[in-house]
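Participant: Coordinates in my_file01.pdb, PDB, C-alpha atoms, are listed below.
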MODEL        1
ATOM      1  CA  MET A  28      84.276 265.194 -78.609
ATOM      2  CA  ASN A  29      87.441 264.258 -80.494
ATOM      3  CA  GLN A  30      88.224 266.399 -83.511
ATOM      4  CA  PRO A  31      89.000 264.377 -86.623
ATOM      5  CA  ALA A  32      92.537 264.539 -88.026
ATOM      6  CA  ALA A  33      91.330 266.543 -91.030
ATOM      7  CA  THR A  34      88.295 268.753 -91.437
ATOM      8  CA  GLU A  35      86.982 270.684 -94.405
ATOM      9  CA  THR A  36      85.008 273.882 -94.788
ATOM     10  CA  ALA A  37      81.978 274.524 -96.984
ATOM     11  CA  THR A  38      80.239 277.867 -97.411
ATOM     12  CA  PHE A  39      76.715 278.189 -98.804
ATOM     13  CA  ALA A  40      74.145 280.948 -99.209
ATOM     14  CA  GLY A  41      70.523 279.924 -99.631
ATOM     15  CA  GLY A  42      68.401 282.829 -98.475
ATOM     16  CA  CYS A  43      68.152 283.769 -94.820
ATOM     17  CA  PHE A  44      70.910 282.048 -92.876
ATOM     18  CA  TRP A  45      68.444 281.188 -90.111
ATOM     19  CA  CYS A  46      66.515 279.047 -92.608
ATOM     20  CA  ILE A  47      69.374 276.749 -93.564
ATOM     21  CA  GLU A  48      71.656 276.751 -90.523
ATOM     22  CA  GLU A  49      69.733 274.107 -88.561
ATOM     23  CA  ILE A  50      69.301 271.859 -91.621
ATOM     24  CA  PHE A  51      73.064 271.556 -91.966
ATOM     25  CA  ARG A  52      73.716 271.400 -88.210
ATOM     26  CA  GLN A  53      71.725 268.157 -88.107
ATOM     27  CA  GLN A  54      73.721 266.388 -90.835
ATOM     28  CA  PRO A  55      75.912 263.527 -89.520
ATOM     29  CA  GLY A  56      79.543 264.547 -89.952
ATOM     30  CA  VAL A  57      78.917 268.280 -89.532
ATOM     31  CA  LEU A  58      81.058 269.554 -86.677
ATOM     32  CA  GLY A  59      79.895 273.156 -86.650
ATOM     33  CA  VAL A  60      77.832 275.746 -88.512
ATOM     34  CA  THR A  61      78.379 279.496 -88.300
ATOM     35  CA  SER A  62      75.987 282.074 -89.732
ATOM     36  CA  GLY A  63      77.608 285.089 -91.334
ATOM     37  CA  TYR A  64      78.241 287.245 -94.365
ATOM     38  CA  THR A  65      80.482 286.764 -97.385
ATOM     39  CA  GLY A  66      80.938 287.726-100.997
ATOM     40  CA  GLY A  67      80.783 291.485-100.583
ATOM     41  CA  THR A  68      82.965 294.555-100.330
ATOM     42  CA  VAL A  69      82.347 295.889 -96.816
ATOM     43  CA  LYS A  70      85.265 294.868 -94.558
ATOM     44  CA  THR A  71      83.345 294.240 -91.321
ATOM     45  CA  PRO A  72      79.662 294.064 -92.217
ATOM     46  CA  THR A  73      76.873 294.149 -89.690
ATOM     47  CA  TYR A  74      73.418 292.640 -90.029
ATOM     48  CA  ALA A  75      71.906 296.118 -90.390
ATOM     49  CA  GLN A  76      74.289 296.915 -93.260
ATOM     50  CA  VAL A  77      73.758 293.601 -95.063
ATOM     51  CA  CYS A  78      69.971 293.976 -94.765
ATOM     52  CA  GLN A  79      70.209 297.225 -96.741
ATOM     53  CA  GLY A  80      71.310 295.105 -99.723
ATOM     54  CA  ASP A  81      74.174 297.294-100.886
ATOM     55  CA  THR A  82      77.223 295.625 -99.288
ATOM     56  CA  GLY A  83      77.472 292.842-101.868
ATOM     57  CA  HIS A  84      77.463 290.296 -99.044
ATOM     58  CA  ALA A  85      75.148 287.310 -98.912
ATOM     59  CA  GLU A  86      73.742 285.870 -95.720
ATOM     60  CA  ALA A  87      75.616 282.575 -95.637
ATOM     61  CA  ILE A  88      76.614 279.683 -93.457
ATOM     62  CA  GLN A  89      80.073 278.257 -93.040
ATOM     63  CA  ILE A  90      80.204 274.565 -92.226
ATOM     64  CA  THR A  91      83.069 272.615 -90.688
ATOM     65  CA  PHE A  92      82.719 268.931 -91.505
ATOM     66  CA  ASP A  93      84.516 265.609 -91.262
ATOM     67  CA  PRO A  94      85.106 264.416 -94.845
ATOM     68  CA  GLN A  95      85.507 260.851 -93.572
ATOM     69  CA  LYS A  96      81.875 260.906 -92.423
ATOM     70  CA  LEU A  97      80.281 263.355 -94.858
ATOM     71  CA  SER A  98      81.308 264.181 -98.399
ATOM     72  CA  TYR A  99      81.188 267.587-100.016
ATOM     73  CA  GLU A 100      78.896 266.023-102.641
ATOM     74  CA  LYS A 101      76.426 265.028 -99.913
ATOM     75  CA  LEU A 102      76.508 268.558 -98.490
ATOM     76  CA  LEU A 103      75.641 269.851-101.956
ATOM     77  CA  ASP A 104      72.733 267.398-102.163
ATOM     78  CA  VAL A 105      71.423 268.873 -98.906
ATOM     79  CA  PHE A 106      72.014 272.401-100.220
ATOM     80  CA  TRP A 107      69.846 271.778-103.311
ATOM     81  CA  THR A 108      66.941 270.557-101.153
ATOM     82  CA  ALA A 109      67.321 273.188 -98.392
ATOM     83  CA  HIS A 110      66.227 276.108-100.598
ATOM     84  CA  ASP A 111      64.921 276.989-104.049
ATOM     85  CA  PRO A 112      68.005 277.438-106.261
ATOM     86  CA  THR A 113      65.902 278.798-109.138
ATOM     87  CA  GLN A 114      64.951 282.049-107.405
ATOM     88  CA  LEU A 115      67.231 284.948-108.311
ATOM     89  CA  ASN A 116      68.173 287.102-105.308
ATOM     90  CA  ARG A 117      65.357 285.884-103.104
ATOM     91  CA  GLN A 118      63.962 283.062-101.035
ATOM     92  CA  GLY A 119      60.279 283.286-100.242
ATOM     93  CA  ALA A 120      59.478 286.739 -98.859
ATOM     94  CA  ASP A 121      63.155 287.649 -98.419
ATOM     95  CA  ALA A 122      64.351 289.600-101.467
ATOM     96  CA  GLY A 123      67.660 291.196-102.401
ATOM     97  CA  THR A 124      71.156 290.124-103.378
ATOM     98  CA  GLN A 125      71.875 289.314 -99.728
ATOM     99  CA  TYR A 126      69.455 286.362-100.100
ATOM    100  CA  ARG A 127      70.995 284.958-103.294
ATOM    101  CA  SER A 128      71.750 281.313-103.855
ATOM    102  CA  ALA A 129      75.510 280.789-103.887
ATOM    103  CA  ILE A 130      78.236 278.243-103.325
ATOM    104  CA  PHE A 131      81.549 279.688-102.168
ATOM    105  CA  THR A 132      84.290 277.151-102.890
ATOM    106  CA  HIS A 133      87.428 276.665-100.784
ATOM    107  CA  SER A 134      89.489 274.659-103.270
ATOM    108  CA  GLU A 135      89.797 273.732-106.928
ATOM    109  CA  SER A 136      88.299 270.349-106.032
ATOM    110  CA  GLN A 137      85.229 271.964-104.474
ATOM    111  CA  LEU A 138      84.860 274.190-107.540
ATOM    112  CA  VAL A 139      84.809 271.197-109.905
ATOM    113  CA  ILE A 140      82.453 269.219-107.657
ATOM    114  CA  ALA A 141      80.094 272.210-107.244
ATOM    115  CA  ARG A 142      79.909 272.863-110.991
ATOM    116  CA  THR A 143      79.219 269.192-111.706
ATOM    117  CA  SER A 144      76.608 269.050-108.957
ATOM    118  CA  ARG A 145      74.858 272.190-110.238
ATOM    119  CA  ALA A 146      74.750 270.806-113.794
ATOM    120  CA  THR A 147      73.384 267.482-112.546
ATOM    121  CA  GLU A 148      70.759 269.181-110.395
ATOM    122  CA  ASP A 149      69.777 271.552-113.196
ATOM    123  CA  SER A 150      69.188 268.665-115.605
ATOM    124  CA  SER A 151      67.457 266.464-113.003
ATOM    125  CA  GLY A 152      63.931 267.603-113.837
ATOM    126  CA  ARG A 153      63.251 268.516-110.181
ATOM    127  CA  HIS A 154      62.984 272.217-110.985
ATOM    128  CA  ALA A 155      60.527 273.983-113.274
ATOM    129  CA  LYS A 156      63.008 276.802-113.914
ATOM    130  CA  PRO A 157      66.791 276.880-114.452
ATOM    131  CA  ILE A 158      69.080 277.004-111.433
ATOM    132  CA  VAL A 159      70.574 280.460-110.838
ATOM    133  CA  THR A 160      73.009 279.519-108.062
ATOM    134  CA  GLU A 161      76.333 281.295-108.433
ATOM    135  CA  ILE A 162      79.582 279.445-107.774
ATOM    136  CA  THR A 163      82.537 281.597-106.778
ATOM    137  CA  PRO A 164      85.757 281.220-104.796
ATOM    138  CA  ALA A 165      85.282 281.793-101.084
ATOM    139  CA  ALA A 166      86.162 285.256 -99.846
ATOM    140  CA  GLU A 167      86.577 286.366 -96.270
ATOM    141  CA  PHE A 168      83.743 285.063 -94.102
ATOM    142  CA  HIS A 169      82.430 287.381 -91.392
ATOM    143  CA  PRO A 170      80.552 285.629 -88.565
ATOM    144  CA  ALA A 171      77.201 287.248 -87.827
ATOM    145  CA  GLU A 172      76.378 288.748 -84.475
ATOM    146  CA  ASP A 173      75.974 286.271 -81.601
ATOM    147  CA  TYR A 174      72.180 286.405 -81.558
ATOM    148  CA  HIS A 175      72.115 284.961 -85.105
ATOM    149  CA  GLN A 176      74.095 281.852 -84.148
ATOM    150  CA  ALA A 177      72.084 278.653 -83.576
ATOM    151  CA  TYR A 178      69.041 280.856 -84.098
ATOM    152  CA  TYR A 179      66.483 278.089 -84.426
ATOM    153  CA  ARG A 180      67.794 276.182 -81.416
ATOM    154  CA  ASN A 181      67.671 279.325 -79.298
ATOM    155  CA  ASN A 182      64.314 280.617 -80.582
ATOM    156  CA  GLN A 183      62.186 277.594 -81.501
ATOM    157  CA  ARG A 184      58.983 279.187 -80.232
ATOM    158  CA  ALA A 185      59.452 282.417 -82.199
ATOM    159  CA  PRO A 186      56.797 282.908 -84.899
ATOM    160  CA  TYR A 187      59.397 282.981 -87.725
ATOM    161  CA  CYS A 188      60.879 279.696 -86.547
ATOM    162  CA  GLN A 189      57.440 278.074 -86.299
ATOM    163  CA  ALA A 190      56.210 279.378 -89.661
ATOM    164  CA  VAL A 191      59.329 279.102 -91.819
ATOM    165  CA  ILE A 192      62.141 276.992 -90.336
ATOM    166  CA  ARG A 193      60.163 274.229 -88.602
ATOM    167  CA  PRO A 194      58.237 273.259 -91.788
ATOM    168  CA  LYS A 195      61.562 272.986 -93.683
ATOM    169  CA  LEU A 196      62.966 270.681 -91.020
ATOM    170  CA  LYS A 197      59.834 268.519 -91.110
ATOM    171  CA  LYS A 198      59.863 268.407 -94.927
ATOM    172  CA  LEU A 199      63.451 267.135 -94.837
ATOM    173  CA  GLY A 200      62.724 264.605 -92.081
ATOM    174  CA  LEU A 201      64.887 266.363 -89.513
ATOM    175  CA  ASP A 202      64.365 266.944 -85.791
ATOM    176  CA  ASP A 203      62.566 270.047 -84.804
TER     177      ASP A 203
ENDMDL
END
What does this structure look like when you write it as structure tokens?

Facilitator:
Amino acid sequence: MNQPAATETATFAGGCFWCIEEIFRQQPGVLGVTSGYTGGTVKTPTYAQVCQGDTGHAEAIQITFDPQKLSYEKLLDVFWTAHDPTQLNRQGADAGTQYRSAIFTHSESQLVIARTSRATEDSSGRHAKPIVTEITPAAEFHPAEDYHQAYYRNNQRAPYCQAVIRPKLKKLGLDD
């Protein structure tokens, strides 16, 4: 596959990274998705450390995309539908700051677009409660251990994938 002349990076946290990774992987214009940790203070976090909830890191995904085929605004539209941005430090049964809703921006342009998108989404009437998604500049991103990468694709028959991820994909009209 030919790499486009210019790519961009987006980093989002929306609960468990397994639950949103495949949603973004299936978006036309996405070239790659990496699950990992960001936003915290531990220099080289592990999954076990992040799960303890005291590293400051969020489970997140980092997306490489072709801006000629997919806009940052469109990625944000997907982000708002991929999780519940009104839940503070949790998504479903997963609770703790590591499961917070966050947008980590890579440029001043992304910061402005993210703030505008959050305000638009918050006033859209689609949510019964206010959006609590934080927007902060991107910090160092630490890829998660190999077994977390492409988790759904590699574990489709696992009970968690069947009970949690597959219904999200179906709800959004994506392949499962």

Participant: Would you list the contacts of A:Val77 as a PyMOL selection string, taking every protein, DNA or RNA residue within 10 Å and counting all atoms listed in the file, but skipping same-chain residues closer than 3 positions in sequence?

Facilitator: chain A and resi 64-65+67+69+72-74+80-86+123-126

Participant: Deliver the residues from the most recent selection as a file, using C-alpha atoms, as an mmCIF file, keeping the file's coordinate frame.

Facilitator:
data_model
loop_
_atom_site.group_PDB
_atom_site.id
_atom_site.type_symbol
_atom_site.label_atom_id
_atom_site.label_comp_id
_atom_site.auth_asym_id
_atom_site.auth_seq_id
_atom_site.Cartn_x
_atom_site.Cartn_y
_atom_site.Cartn_z
ATOM 1 C CA TYR A 64 78.241 287.245 -94.365
ATOM 2 C CA THR A 65 80.482 286.764 -97.385
ATOM 3 C CA GLY A 67 80.783 291.485 -100.583
ATOM 4 C CA VAL A 69 82.347 295.889 -96.816
ATOM 5 C CA PRO A 72 79.662 294.064 -92.217
ATOM 6 C CA THR A 73 76.873 294.149 -89.690
ATOM 7 C CA TYR A 74 73.418 292.640 -90.029
ATOM 8 C CA GLY A 80 71.310 295.105 -99.723
ATOM 9 C CA ASP A 81 74.174 297.294 -100.886
ATOM 10 C CA THR A 82 77.223 295.625 -99.288
ATOM 11 C CA GLY A 83 77.472 292.842 -101.868
ATOM 12 C CA HIS A 84 77.463 290.296 -99.044
ATOM 13 C CA ALA A 85 75.148 287.310 -98.912
ATOM 14 C CA GLU A 86 73.742 285.870 -95.720
ATOM 15 C CA GLY A 123 67.660 291.196 -102.401
ATOM 16 C CA THR A 124 71.156 290.124 -103.378
ATOM 17 C CA GLN A 125 71.875 289.314 -99.728
ATOM 18 C CA TYR A 126 69.455 286.362 -100.100
#

Participant: Would you please work out which residue, of A:Ile158, A:Ala166, A:Cys188, A:Ala120, is nearest to A:Ser134 when using all atoms listed in the file?

Facilitator: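 Residue with the minimum atom-to-atom distance to A:Ser134: A:Ala166.
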
Participant: What gap, in Å, lies between atom CA of A:Ala185 and atom CA of A:Trp45?

Facilitator: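 For atom CA of A:Ala185 relative to atom CA of A:Trp45, the distance reads 12.0 Å.
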
Participant: For the file shown, report as a PDB file with C-alpha atoms, keeping the file's coordinate frame the outcome of the PyMOL selection byres ((chain A and resi 57) around 10) at residue level.

Facilitator:
ATOM      1  CA  THR A  34      88.295 268.753 -91.437  1.00  0.00           C
ATOM      2  CA  GLU A  35      86.982 270.684 -94.405  1.00  0.00           C
ATOM      3  CA  THR A  36      85.008 273.882 -94.788  1.00  0.00           C
ATOM      4  CA  PHE A  51      73.064 271.556 -91.966  1.00  0.00           C
ATOM      5  CA  ARG A  52      73.716 271.400 -88.210  1.00  0.00           C
ATOM      6  CA  GLN A  53      71.725 268.157 -88.107  1.00  0.00           C
ATOM      7  CA  GLN A  54      73.721 266.388 -90.835  1.00  0.00           C
ATOM      8  CA  PRO A  55      75.912 263.527 -89.520  1.00  0.00           C
ATOM      9  CA  GLY A  56      79.543 264.547 -89.952  1.00  0.00           C
ATOM     10  CA  LEU A  58      81.058 269.554 -86.677  1.00  0.00           C
ATOM     11  CA  GLY A  59      79.895 273.156 -86.650  1.00  0.00           C
ATOM     12  CA  VAL A  60      77.832 275.746 -88.512  1.00  0.00           C
ATOM     13  CA  ILE A  90      80.204 274.565 -92.226  1.00  0.00           C
ATOM     14  CA  THR A  91      83.069 272.615 -90.688  1.00  0.00           C
ATOM     15  CA  PHE A  92      82.719 268.931 -91.505  1.00  0.00           C
ATOM     16  CA  ASP A  93      84.516 265.609 -91.262  1.00  0.00           C
ATOM     17  CA  PRO A  94      85.106 264.416 -94.845  1.00  0.00           C
ATOM     18  CA  LYS A  96      81.875 260.906 -92.423  1.00  0.00           C
ATOM     19  CA  LEU A  97      80.281 263.355 -94.858  1.00  0.00           C
ATOM     20  CA  LEU A 102      76.508 268.558 -98.490  1.00  0.00           C
TER      21      LEU A 102
END

Participant: Env of A:Lys195: 10 Å cut, atoms = only C-alpha atoms, seq-sep filter 3 positions within chain, self excluded. Answer as a VMD selection string.

Facilitator: chain A and resid 46 to 47 49 to 50 108 to 110 188 to 192 198 to 201 203

Participant: Could you work out how far atom CA of A:Ile130 lies from atom CA of A:Thr38, giving the answer in Å with one decimal?

Facilitator: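 Interatomic distance, atom CA of A:Thr38 to atom CA of A:Ile130: 6.3 Å.
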
Participant: When you draw a straight line from atom CA of A:Glu135 to atom CA of A:Asp149, how long is it in Å?

Facilitator: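 Atom-to-atom, atom CA of A:Glu135 and atom CA of A:Asp149 are spaced 21.1 Å apart.
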
Participant: Can you translate the PyMOL selection byres ((chain A and resi 112) around 9) into the concrete residues it hits in this file, as a ChimeraX atom specification?

Facilitator: /A:41,106-111,113-115,118,127-129,154,157-160

Participant: With all atoms listed in the file as the basis for distance, which of A:Ala37, A:Ala171, A:Ala87, A:Cys78 is at the shortest distance from A:Ala141?

Facilitator: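 Comparing A:Ala37, A:Ala171, A:Ala87, A:Cys78 against A:Ala141, the winner is A:Ala37.
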
Participant: So which residues touch A:Pro170 within 8 Å, counting all atoms listed in the file, skipping near sequence neighbours fewer than 2 positions away, as a PyMOL selection string?

Facilitator: chain A and resi 61-64+168+172

Participant: Given 4 Å of margin on each side, can you work out the centre and size in Å (one decimal) of an axis-aligned box holding every listed atom of stretch 63-82 of chain A, as AutoDock Vina command-line options?

Facilitator:
--center_x 77.6 --center_y 291.2 --center_z -95.3 --size_x 23.3 --size_y 20.2 --size_z 19.3

Participant: If we count only C-alpha atoms, what is near A:Thr143 at a cut-off of 12 Å, once residues fewer than 3 positions away on the same chain are taken out, given as number ranges by chain?

Facilitator: A: 99-100, 103-104, 136-140, 146-150, 162
